$ cat query_15.cif   # mmCIF, C-alpha atoms and all ligand atoms
data_target
loop_
_atom_site.label_atom_id
_atom_site.label_comp_id
_atom_site.auth_asym_id
_atom_site.auth_seq_id
_atom_site.Cartn_x
_atom_site.Cartn_y
_atom_site.Cartn_z
CA MET A 1 16.58 -13.28 -3.06
CA LYS A 2 13.56 -13.83 -5.28
CA ILE A 3 10.33 -14.77 -3.46
CA VAL A 4 7.69 -16.86 -5.21
CA LEU A 5 4.24 -17.56 -3.79
CA GLU A 6 2.30 -20.36 -5.50
CA HIS A 7 -1.41 -20.69 -4.78
CA LEU A 8 -0.75 -19.73 -1.17
CA THR A 9 -3.87 -20.12 0.98
CA LYS A 10 -4.56 -19.74 4.68
CA ARG A 11 -7.85 -20.68 6.33
CA PHE A 12 -8.63 -20.09 9.97
CA PRO A 13 -11.42 -22.19 11.49
CA ASN A 14 -14.33 -20.03 12.56
CA ARG A 15 -14.89 -19.96 16.34
CA ASP A 16 -18.57 -20.42 15.58
CA LYS A 17 -18.34 -23.99 14.25
CA LYS A 18 -21.52 -23.59 12.21
CA LYS A 19 -19.98 -20.80 10.16
CA GLU A 20 -17.50 -21.18 7.31
CA ASP A 21 -13.71 -20.90 7.78
CA VAL A 22 -12.15 -17.45 7.43
CA VAL A 23 -10.02 -17.47 4.27
CA ALA A 24 -7.42 -14.87 5.23
CA VAL A 25 -5.22 -15.50 2.18
CA ASN A 26 -6.96 -16.91 -0.87
CA ASP A 27 -4.91 -18.54 -3.64
CA PHE A 28 -2.05 -16.02 -3.84
CA SER A 29 0.34 -16.44 -6.73
CA PHE A 30 3.00 -13.84 -7.41
CA GLU A 31 6.71 -13.38 -7.74
CA ILE A 32 8.82 -10.70 -6.10
CA PRO A 33 12.03 -10.16 -8.06
CA ASP A 34 15.35 -10.12 -6.21
CA GLY A 35 16.20 -6.80 -4.56
CA LYS A 36 12.79 -5.16 -5.00
CA LEU A 37 10.52 -3.49 -2.49
CA ILE A 38 6.89 -4.56 -2.68
CA GLY A 39 4.08 -2.73 -0.92
CA LEU A 40 1.26 -4.99 0.31
CA LEU A 41 -1.76 -2.78 0.54
CA GLY A 42 -5.37 -3.15 1.58
CA PRO A 43 -7.95 -2.29 4.24
CA SER A 44 -7.95 -3.74 7.73
CA GLY A 45 -8.60 -7.49 7.79
CA CYS A 46 -7.71 -8.12 4.13
CA GLY A 47 -4.97 -10.60 5.05
CA LYS A 48 -1.77 -8.53 4.92
CA SER A 49 -0.30 -9.66 8.25
CA THR A 50 -1.27 -13.27 7.61
CA THR A 51 0.63 -13.15 4.28
CA LEU A 52 3.76 -11.90 6.07
CA ASN A 53 3.38 -14.51 8.81
CA LEU A 54 3.19 -17.24 6.17
CA ILE A 55 6.31 -15.94 4.43
CA CYS A 56 8.36 -15.80 7.62
CA GLY A 57 7.02 -19.13 8.86
CA LEU A 58 5.06 -18.00 11.93
CA GLU A 59 1.92 -19.46 10.32
CA LYS A 60 1.62 -22.67 8.30
CA PRO A 61 -0.28 -22.42 5.01
CA SER A 62 -3.43 -24.47 4.43
CA GLY A 63 -2.36 -24.84 0.81
CA GLY A 64 0.21 -23.68 -1.71
CA LYS A 65 3.98 -23.16 -1.63
CA ILE A 66 6.58 -20.51 -0.82
CA PHE A 67 9.97 -20.39 -2.56
CA PHE A 68 13.00 -18.27 -1.64
CA GLY A 69 15.08 -18.32 -4.82
CA GLU A 70 14.77 -21.91 -6.07
CA GLU A 71 14.36 -23.36 -2.56
CA ASP A 72 10.96 -24.52 -1.32
CA VAL A 73 10.79 -23.08 2.22
CA THR A 74 7.12 -23.95 2.88
CA GLU A 75 7.95 -26.50 5.58
CA LEU A 76 11.05 -24.75 6.99
CA ALA A 77 11.09 -23.43 10.57
CA PRO A 78 11.09 -19.60 10.86
CA GLU A 79 14.59 -19.39 12.36
CA VAL A 80 16.27 -21.03 9.38
CA ARG A 81 14.47 -19.02 6.69
CA GLY A 82 16.81 -16.03 6.87
CA VAL A 83 14.01 -13.49 7.28
CA GLY A 84 14.23 -10.21 9.20
CA MET A 85 10.94 -8.87 10.51
CA VAL A 86 9.90 -5.48 11.90
CA PHE A 87 6.51 -5.12 13.56
CA GLN A 88 4.30 -2.14 14.24
CA ASN A 89 5.12 -2.26 17.98
CA TYR A 90 8.89 -2.38 17.83
CA ALA A 91 9.03 -5.06 20.57
CA LEU A 92 12.43 -3.95 21.87
CA TYR A 93 13.64 -5.37 25.18
CA PRO A 94 13.28 -2.43 27.59
CA HIS A 95 15.99 -3.59 30.03
CA LEU A 96 18.62 -4.06 27.31
CA THR A 97 20.67 -1.27 25.71
CA VAL A 98 20.36 -0.50 22.02
CA ARG A 99 23.58 -2.44 21.42
CA GLN A 100 22.29 -5.48 23.33
CA ASN A 101 18.94 -5.32 21.52
CA ILE A 102 20.64 -5.33 18.13
CA ILE A 103 23.06 -8.11 19.10
CA PHE A 104 20.25 -10.30 20.49
CA PRO A 105 19.43 -12.27 17.28
CA LEU A 106 23.14 -13.09 16.82
CA GLN A 107 23.44 -14.76 20.22
CA ASN A 108 21.36 -17.78 19.26
CA LEU A 109 23.46 -18.72 16.25
CA LYS A 110 24.63 -22.33 16.42
CA GLY A 111 27.51 -24.43 15.05
CA ASP A 112 29.66 -22.82 12.35
CA ALA A 113 27.50 -19.70 12.39
CA ARG A 114 28.49 -18.90 16.02
CA LEU A 115 30.19 -15.54 16.40
CA SER A 116 32.69 -14.18 18.89
CA ARG A 117 31.76 -11.17 21.06
CA GLU A 118 33.90 -8.89 18.84
CA GLU A 119 32.27 -10.17 15.66
CA MET A 120 28.80 -9.58 17.13
CA GLU A 121 29.77 -6.05 18.20
CA ALA A 122 31.11 -5.32 14.71
CA LYS A 123 27.95 -6.56 13.03
CA ALA A 124 25.76 -4.57 15.43
CA MET A 125 27.75 -1.42 14.65
CA GLU A 126 27.41 -2.07 10.93
CA ALA A 127 23.62 -2.47 11.20
CA ALA A 128 23.39 0.60 13.47
CA GLY A 129 25.42 2.55 10.89
CA LEU A 130 22.88 1.70 8.19
CA VAL A 131 20.08 3.26 10.19
CA GLN A 132 22.32 6.03 11.61
CA ILE A 133 22.02 5.34 15.33
CA THR A 134 25.65 4.52 16.22
CA GLU A 135 25.72 7.31 18.82
CA LEU A 136 22.75 5.80 20.70
CA MET A 137 24.21 2.34 21.33
CA ASP A 138 24.42 2.62 25.13
CA ARG A 139 20.92 4.00 25.74
CA ARG A 140 17.88 1.95 26.70
CA PRO A 141 14.72 2.00 24.51
CA GLY A 142 12.89 4.15 27.11
CA GLU A 143 15.44 6.89 26.48
CA LEU A 144 14.74 7.07 22.74
CA SER A 145 12.12 8.81 20.59
CA GLY A 146 9.60 6.71 18.64
CA GLY A 147 11.53 7.18 15.41
CA GLN A 148 14.81 6.18 17.05
CA GLN A 149 13.19 3.06 18.53
CA GLN A 150 11.92 2.16 15.11
CA ARG A 151 15.44 2.44 13.71
CA VAL A 152 16.73 0.12 16.42
CA ALA A 153 14.04 -2.40 15.45
CA ILE A 154 15.14 -2.15 11.82
CA ALA A 155 18.82 -2.53 12.78
CA ARG A 156 17.92 -5.64 14.79
CA ALA A 157 16.11 -7.09 11.77
CA LEU A 158 19.10 -6.29 9.52
CA VAL A 159 21.90 -7.53 11.77
CA LYS A 160 21.87 -11.08 10.36
CA MET A 161 21.79 -9.60 6.85
CA PRO A 162 18.63 -11.51 5.98
CA GLY A 163 17.80 -12.47 2.41
CA VAL A 164 14.27 -11.17 2.98
CA LEU A 165 13.02 -8.24 5.07
CA LEU A 166 9.36 -8.05 6.14
CA LEU A 167 7.97 -4.81 7.53
CA ASP A 168 4.48 -4.94 9.06
CA GLU A 169 3.03 -1.42 9.38
CA PRO A 170 6.41 -0.21 10.69
CA LEU A 171 5.48 3.47 10.66
CA SER A 172 2.05 3.54 12.25
CA ASN A 173 3.29 4.64 15.68
CA LEU A 174 5.11 7.68 14.30
CA ASP A 175 3.78 11.21 13.79
CA ALA A 176 3.18 12.49 10.27
CA ARG A 177 6.55 14.20 9.77
CA LEU A 178 8.53 11.29 11.17
CA ARG A 179 6.54 8.84 9.07
CA LEU A 180 7.57 10.68 5.94
CA GLN A 181 11.21 10.83 6.99
CA THR A 182 11.35 7.19 8.12
CA ARG A 183 9.72 5.85 4.97
CA GLU A 184 12.40 7.59 2.89
CA GLU A 185 14.98 6.12 5.23
CA ILE A 186 13.56 2.62 4.74
CA ARG A 187 13.76 3.06 0.99
CA ARG A 188 17.37 4.26 1.26
CA ILE A 189 18.38 1.30 3.44
CA GLN A 190 16.54 -1.12 1.17
CA THR A 191 18.23 0.16 -1.98
CA SER A 192 21.67 0.28 -0.38
CA THR A 193 21.44 -3.28 1.00
CA GLY A 194 19.51 -4.73 -1.97
CA ILE A 195 17.43 -6.90 0.41
CA THR A 196 14.13 -8.09 -1.09
CA THR A 197 11.54 -6.36 1.09
CA ILE A 198 7.80 -6.59 1.64
CA PHE A 199 6.25 -3.57 3.26
CA VAL A 200 2.74 -3.90 4.65
CA THR A 201 0.55 -0.84 5.08
CA HIS A 202 -3.07 0.25 4.82
CA ASP A 203 -1.83 3.72 3.75
CA GLN A 204 -1.93 3.89 -0.03
CA GLU A 205 0.19 7.03 -0.26
CA GLU A 206 2.93 5.42 1.80
CA ALA A 207 2.92 2.27 -0.32
CA MET A 208 2.85 4.19 -3.60
CA SER A 209 5.71 6.49 -2.63
CA ILE A 210 8.36 3.87 -1.83
CA SER A 211 7.40 0.64 -3.60
CA ASP A 212 8.74 -0.78 -6.85
CA SER A 213 5.40 -2.56 -7.16
CA ILE A 214 2.24 -2.70 -5.12
CA VAL A 215 -0.12 -5.58 -4.45
CA VAL A 216 -3.66 -4.42 -3.67
CA MET A 217 -5.68 -6.90 -1.61
CA LYS A 218 -9.29 -7.21 -0.52
CA ASP A 219 -10.84 -9.97 1.61
CA GLY A 220 -7.81 -12.22 1.17
CA VAL A 221 -7.86 -11.93 -2.63
CA ILE A 222 -5.29 -10.10 -4.77
CA GLN A 223 -7.04 -7.41 -6.78
CA GLN A 224 -4.14 -6.00 -8.78
CA ILE A 225 -0.33 -6.08 -8.93
CA GLY A 226 1.78 -3.48 -10.72
CA LYS A 227 3.97 -0.41 -10.54
CA PRO A 228 2.23 2.23 -8.39
CA GLN A 229 1.64 4.62 -11.31
CA GLU A 230 0.37 1.82 -13.57
CA VAL A 231 -2.17 0.70 -10.98
CA TYR A 232 -3.27 4.31 -10.41
CA ASP A 233 -3.65 4.92 -14.15
CA HIS A 234 -5.21 1.54 -15.00
CA PRO A 235 -7.25 0.26 -12.06
CA VAL A 236 -8.87 -3.10 -12.89
CA ASN A 237 -11.94 -2.49 -10.76
CA LEU A 238 -13.86 0.04 -8.70
CA PHE A 239 -12.30 -1.14 -5.42
CA VAL A 240 -8.73 -0.43 -6.63
CA ALA A 241 -9.76 2.90 -8.17
CA LYS A 242 -11.32 4.01 -4.89
CA PHE A 243 -8.46 2.71 -2.75
CA LEU A 244 -5.69 4.67 -4.54
CA GLY A 245 -5.40 8.43 -4.71
CA THR A 246 -5.59 11.47 -2.44
CA PRO A 247 -7.98 13.24 -2.74
CA PRO A 248 -9.98 10.14 -3.65
CA ILE A 249 -11.52 9.45 -7.02
CA ASN A 250 -15.01 11.00 -7.53
CA ILE A 251 -17.70 8.38 -8.14
CA PHE A 252 -20.90 9.12 -10.11
CA ASP A 253 -23.88 7.10 -11.29
CA GLY A 254 -24.16 7.38 -15.04
CA VAL A 255 -25.71 5.95 -18.17
CA VAL A 256 -24.16 5.12 -21.56
CA LYS A 257 -26.36 5.65 -24.62
CA ASP A 258 -25.17 5.47 -28.24
CA GLY A 259 -21.52 6.14 -27.34
CA HIS A 260 -22.36 9.08 -25.08
CA LEU A 261 -21.81 9.10 -21.34
CA ARG A 262 -24.57 10.86 -19.42
CA ILE A 263 -24.71 12.08 -15.85
CA GLY A 264 -28.34 12.98 -15.29
CA GLU A 265 -29.44 15.11 -18.22
CA GLU A 266 -25.93 16.11 -19.27
CA ASP A 267 -23.89 14.43 -22.00
CA VAL A 268 -20.45 14.61 -20.37
CA LEU A 269 -18.12 12.51 -22.57
CA ASP A 270 -17.95 10.48 -25.79
CA VAL A 271 -17.25 6.86 -24.89
CA LYS A 272 -17.13 4.67 -27.97
CA GLY A 273 -17.17 0.89 -27.59
CA ILE A 274 -19.39 0.52 -24.53
CA LYS A 275 -22.81 -1.03 -24.68
CA ASP A 276 -25.80 0.98 -23.55
CA GLY A 277 -26.80 0.79 -19.89
CA GLU A 278 -26.10 2.05 -16.40
CA VAL A 279 -22.47 2.39 -15.29
CA ILE A 280 -20.43 3.62 -12.37
CA ILE A 281 -18.13 6.49 -13.31
CA GLY A 282 -14.86 7.34 -11.55
CA ILE A 283 -13.24 10.72 -12.24
CA ARG A 284 -9.81 11.47 -10.78
CA PRO A 285 -9.54 14.93 -9.13
CA GLU A 286 -7.11 15.98 -11.88
CA GLY A 287 -9.58 14.92 -14.59
CA PHE A 288 -11.73 18.07 -14.50
CA ILE A 289 -11.14 21.03 -16.82
CA PRO A 290 -13.08 24.11 -15.58
CA LYS A 291 -14.78 25.64 -18.60
CA GLU A 292 -17.54 28.10 -19.28
CA ASN A 293 -20.51 26.04 -20.47
CA GLY A 294 -18.55 22.85 -19.74
CA ARG A 295 -20.36 19.52 -20.18
CA LEU A 296 -20.79 18.68 -16.47
CA THR A 297 -22.42 21.22 -14.14
CA CYS A 298 -21.98 21.01 -10.38
CA THR A 299 -23.01 23.20 -7.45
CA MET A 300 -20.09 25.24 -6.14
CA SER A 301 -19.21 24.77 -2.45
CA ALA A 302 -15.75 26.25 -1.92
CA LEU A 303 -12.48 27.15 -3.58
CA GLU A 304 -9.55 25.91 -1.51
CA VAL A 305 -6.26 27.58 -2.40
CA MET A 306 -3.38 25.17 -1.84
CA GLY A 307 -0.42 27.18 -3.20
CA ARG A 308 0.48 25.58 -6.53
CA ASP A 309 -3.03 24.24 -7.14
CA ASN A 310 -6.62 25.06 -6.30
CA SER A 311 -9.14 22.54 -5.13
CA ILE A 312 -12.64 23.27 -6.34
CA VAL A 313 -15.10 21.67 -3.93
CA SER A 314 -18.56 21.12 -5.39
CA THR A 315 -21.55 18.79 -5.19
CA HIS A 316 -23.78 16.93 -7.61
CA PRO A 317 -26.86 14.84 -6.79
CA LEU A 318 -25.51 11.84 -8.72
CA CYS A 319 -22.08 11.89 -7.07
CA GLN A 320 -21.61 9.20 -4.41
CA ASN A 321 -18.87 11.14 -2.58
CA PRO A 322 -20.07 13.73 -0.07
CA VAL A 323 -18.24 16.38 -2.14
CA ILE A 324 -16.48 16.43 -5.49
CA ARG A 325 -12.86 17.49 -5.31
CA SER A 326 -11.25 18.72 -8.49
CA ILE A 327 -7.64 19.88 -8.60
CA VAL A 328 -7.01 22.72 -11.04
CA GLN A 329 -4.27 25.29 -11.60
CA ALA A 330 -4.13 28.01 -8.95
CA ASP A 331 -5.09 30.92 -11.20
CA ASP A 332 -7.89 29.07 -12.98
CA VAL A 333 -11.37 30.17 -11.91
CA THR A 334 -13.01 29.66 -15.29
CA GLY A 335 -16.40 28.06 -15.29
CA ILE A 336 -17.41 29.32 -11.84
CA ARG A 337 -20.56 31.45 -12.01
CA ASP A 338 -23.76 32.03 -10.07
CA GLY A 339 -23.05 29.33 -7.49
CA LYS A 340 -22.35 26.76 -10.23
CA VAL A 341 -19.14 25.38 -11.73
CA SER A 342 -18.91 23.58 -15.04
CA PHE A 343 -16.25 21.24 -16.35
CA ASP A 344 -15.16 19.30 -19.37
CA LEU A 345 -13.58 15.95 -18.55
CA LYS A 346 -10.18 14.51 -19.52
CA PRO A 347 -11.05 11.11 -21.05
CA HIS A 348 -7.92 9.37 -19.73
CA LYS A 349 -8.82 10.41 -16.15
CA VAL A 350 -12.33 8.98 -16.41
CA PHE A 351 -12.99 5.29 -15.70
CA LEU A 352 -16.19 3.37 -16.28
CA PHE A 353 -17.12 0.33 -14.19
CA ASP A 354 -19.73 -2.36 -14.60
CA LYS A 355 -22.57 -1.56 -12.22
CA ASP A 356 -22.82 -5.13 -10.91
CA SER A 357 -19.29 -6.57 -10.97
CA GLY A 358 -17.34 -3.32 -10.52
CA GLU A 359 -14.93 -4.45 -13.27
CA VAL A 360 -13.46 -1.68 -15.42
CA LEU A 361 -14.98 -1.18 -18.91
CA SER A 362 -12.55 0.14 -21.49
CA PHE A 363 -13.63 2.66 -24.10
CA GLU A 364 -11.87 3.88 -27.22
CA ASN A 365 -10.63 7.28 -26.10
CA GLY A 366 -9.98 6.32 -22.46
CA ARG A 367 -6.80 4.70 -21.13
P1 LIG B 1 -4.93 -5.17 9.78
O1 LIG B 1 -4.55 -4.12 8.78
O2 LIG B 1 -6.15 -4.81 10.58
O3 LIG B 1 -3.78 -5.68 10.62
P2 LIG B 1 -4.67 -7.44 7.97
O4 LIG B 1 -4.91 -7.07 6.56
O5 LIG B 1 -3.26 -7.59 8.42
O6 LIG B 1 -5.46 -6.43 8.93
P3 LIG B 1 -5.00 -10.14 8.96
O7 LIG B 1 -4.54 -9.85 10.33
O8 LIG B 1 -4.06 -10.88 8.07
O9 LIG B 1 -5.47 -8.80 8.23
O10 LIG B 1 -6.37 -10.93 9.04
C1 LIG B 1 -7.07 -11.43 7.90
C2 LIG B 1 -8.35 -12.13 8.31
O11 LIG B 1 -8.06 -13.31 9.02
C3 LIG B 1 -9.23 -11.30 9.24
O12 LIG B 1 -10.57 -11.54 8.90
C4 LIG B 1 -8.91 -11.85 10.61
O13 LIG B 1 -10.01 -11.72 11.49
C5 LIG B 1 -8.64 -13.31 10.31
N1 LIG B 1 -7.68 -13.91 11.25
C6 LIG B 1 -6.40 -13.54 11.44
N2 LIG B 1 -5.78 -14.33 12.36
C7 LIG B 1 -6.73 -15.22 12.77
C8 LIG B 1 -6.73 -16.32 13.71
N3 LIG B 1 -5.64 -16.64 14.38
N4 LIG B 1 -7.90 -16.99 13.85
C9 LIG B 1 -8.99 -16.68 13.16
N5 LIG B 1 -9.05 -15.67 12.25
C10 LIG B 1 -7.94 -14.95 12.06
#
$ encode --input "query_15.cif" --output "C-alpha cells" --more "lines below"
Ligand code: ATP
Amino acid sequence: MKIVLEHLTKRFPNRDKKKEDVVAVNDFSFEIPDGKLIGLLGPSGCGKSTTLNLICGLEKPSGGKIFFGEEDVTELAPEVRGVGMVFQNYALYPHLTVRQNIIFPLQNLKGDARLSREEMEAKAMEAAGLVQITELMDRRPGELSGGQQQRVAIARALVKMPGVLLLDEPLSNLDARLRLQTREEIRRIQTSTGITTIFVTHDQEEAMSISDSIVVMKDGVIQQIGKPQEVYDHPVNLFVAKFLGTPPINIFDGVVKDGHLRIGEEDVLDVKGIKDGEVIIGIRPEGFIPKENGRLTCTMSALEVMGRDNSIVSTHPLCQNPVIRSIVQADDVTGIRDGKVSFDLKPHKVFLFDKDSGEVLSFENGR
C-alpha cells in the first residue's frame, strides 16, 4: 500500500496562550512507495511520533491530506484504516497469554470480517510464526524477555495483516545486542510480508541500516529524504551532515579565498566555484589521508586501534568538535611526528556550508 502525505500539518495550541502554537509537523509532503521501509529520523521533539499518530488516525491534522493508495483516509477513524502499530513500551496485557494478546485485535472485528475461534487461532499462529515465537504462546508477558515481548507486540500488530505497519522507537527498551538482532528481524519480516512500514527512531545508525529511504526531520520540518547512502554522501545542510555518521563528521571554521580553502594559516584544499568568505567545513572521519607534510596539521591525542582500522584522535583550535576523529587503515601511521599529525583531505568527503544558513555549497571537485 502506497502512502502519500500532502502538505500534512499539525499544530498544538500552546498552554501559555500568549505564545505561538507548537507546529509539530510542518507542511509534510512525501510519498512512500508500496512495500518499502522508511526510517523517520530526527532528534527528540522533532515531530516523529506526531507524524505516526496522524498516519494511524490517533491525531487529526490541522491541515493537509493522507492517502493510502488512491484512498483519502484523512477523515477515517483509526480502526478502519488497516494500520498495525508497535510502540516503544510494548503495551501487552499482563494477565493475558501470548496467544490471547495476539488474538486480541481480531476479537473486535464486526460483520463479515468476524472470525471463528479456530480462524483466530490460525491467524495468531501465523503471525507468531513470522516472529518465531510459536513455542511461547501459553506464557504470560511477565515470563518473557524484553526481546520476546517485543516480538509479541509485533505479532499483535501483524495479525490483521495490515496494509501499513508503524513502528515507534520499537527497539529502545532492548540492550545493544538484542537491538541489533531485532532490527534485522524487523527487516526480514518486513521484506517477507511486503507491508509498507514506517520506522521511527532517533538512532541514525539504526535507521540507516534497515531503511530503503530515510526522512530526516528537525523542528517539524523535513530536511532531506533519500536512500541512506545518498543522504550520507550528499547532505543538503549542516544539520543533516552532523546528524548522520558514527563517528560524527568533524566540523571546522574555515575561509575560502581565490578557490583555496583555508583552515587558519593552512591551505587545505582546492575548492573551485565558491565565492570568497567564511564557511563551515565538515570532514567525514574517512576523509583524512595521513601524510608527511600533509596540508592540515593537527595536534596528536591518541591512536585507537580498532582491528581493521585505526582511529587517529587529534585536536585543532578551529575544530568545533572536542576531538577530531579520523579513520585510517590499521597499519598506517604516516604523518604522525613530534606530537603532531598531518593530513591531506579527500575532496568528496569534505562538505562546505554557508556560515549563516547552513546550506551546503557545492564546489567543482567535491561531490
Ligand atoms: P521523541 O523522540 O522525544 O518522542 P518526537 O520527535 O516523537 O520526540 P513529538 O512527540 O512528535 O516528537 O513532538 C513534537 C512536538 O510537538 C514537541 O515539541 C512536543 O512538545 C509537541 N507536542 C506533542 N504532543 C503535544 C500535545 N498533545 N500538546 C502540545 N504539544 C505537543
$ residues_around --input "query_15.cif" --residues "range 255-258 of chain A" --least-positions-apart "2" --cutoff "9 Å" --atoms "all atoms listed in the file" --output "PyMOL selection string"
chain A and resi 253+260-264+271-272+274-280
$ closest_atom_pairs --input "query_15.cif" --of "range 58-134 of chain A" --to "range 163-174 of chain A" --cutoff "8 Å" --atoms "only C-alpha atoms" --output "JSON lines"
{"residue": "A:Gly82", "atom": "CA", "partner": "A:Gly163", "partner_atom": "CA", "distance": 5.8}
{"residue": "A:Val83", "atom": "CA", "partner": "A:Val164", "partner_atom": "CA", "distance": 4.9}
{"residue": "A:Gly84", "atom": "CA", "partner": "A:Leu165", "partner_atom": "CA", "distance": 4.7}
{"residue": "A:Met85", "atom": "CA", "partner": "A:Leu166", "partner_atom": "CA", "distance": 4.7}
{"residue": "A:Val86", "atom": "CA", "partner": "A:Leu167", "partner_atom": "CA", "distance": 4.8}
{"residue": "A:Phe87", "atom": "CA", "partner": "A:Asp168", "partner_atom": "CA", "distance": 4.9}
{"residue": "A:Gln88", "atom": "CA", "partner": "A:Pro170", "partner_atom": "CA", "distance": 4.6}
{"residue": "A:Asn89", "atom": "CA", "partner": "A:Asn173", "partner_atom": "CA", "distance": 7.5}
{"residue": "A:Tyr90", "atom": "CA", "partner": "A:Pro170", "partner_atom": "CA", "distance": 7.9}
$ closest_atom_pairs --input "query_15.cif" --of "chain A" --to "ligand LIG 1 (chain B)" --cutoff "10 Å" --atoms "only C-alpha atoms and all ligand atoms" --output "CSV"
residue,atom,partner,partner_atom,distance
A:Lys10,CA,B:LIG1,O11,8.5
A:Arg11,CA,B:LIG1,N5,7.8
A:Phe12,CA,B:LIG1,C9,4.7
A:Pro13,CA,B:LIG1,C9,6.2
A:Asn14,CA,B:LIG1,C9,6.3
A:Arg15,CA,B:LIG1,C9,7.5
A:Asp21,CA,B:LIG1,C9,8.3
A:Val22,CA,B:LIG1,N5,6.0
A:Val23,CA,B:LIG1,O11,6.6
A:Ala24,CA,B:LIG1,O11,4.1
A:Val25,CA,B:LIG1,C1,7.3
A:Leu40,CA,B:LIG1,O4,9.0
A:Leu41,CA,B:LIG1,O4,8.0
A:Gly42,CA,B:LIG1,O4,6.4
A:Pro43,CA,B:LIG1,O1,6.0
A:Ser44,CA,B:LIG1,O2,3.5
A:Gly45,CA,B:LIG1,O9,3.4
A:Cys46,CA,B:LIG1,O4,3.9
A:Gly47,CA,B:LIG1,O8,3.2
A:Lys48,CA,B:LIG1,O4,3.8
A:Ser49,CA,B:LIG1,O5,3.6
A:Thr50,CA,B:LIG1,O8,3.7
A:Thr51,CA,B:LIG1,O8,6.4
A:Leu52,CA,B:LIG1,O8,8.1
A:Asn53,CA,B:LIG1,O8,8.3
A:Leu54,CA,B:LIG1,O8,9.8
A:Glu59,CA,B:LIG1,N3,9.0
A:Gln88,CA,B:LIG1,O3,9.5
A:Asp168,CA,B:LIG1,O5,8.2
A:Glu169,CA,B:LIG1,O1,8.1
A:Val200,CA,B:LIG1,O5,8.0
A:Thr201,CA,B:LIG1,O1,7.1
A:His202,CA,B:LIG1,O1,6.1
A:Asp203,CA,B:LIG1,O1,9.7
A:Met217,CA,B:LIG1,O4,8.2
A:Lys218,CA,B:LIG1,O4,8.3
A:Asp219,CA,B:LIG1,O12,7.5
A:Gly220,CA,B:LIG1,C1,6.8
$ atom_distance --input "query_15.cif" --atom1 "CA of Glu304 in chain A" --atom2 "CA of Glu286 in chain A"
14.6 Å
$ atom_distance --input "query_15.cif" --atom1 "CA of Phe343 in chain A" --atom2 "CA of Gly287 in chain A"
9.4 Å
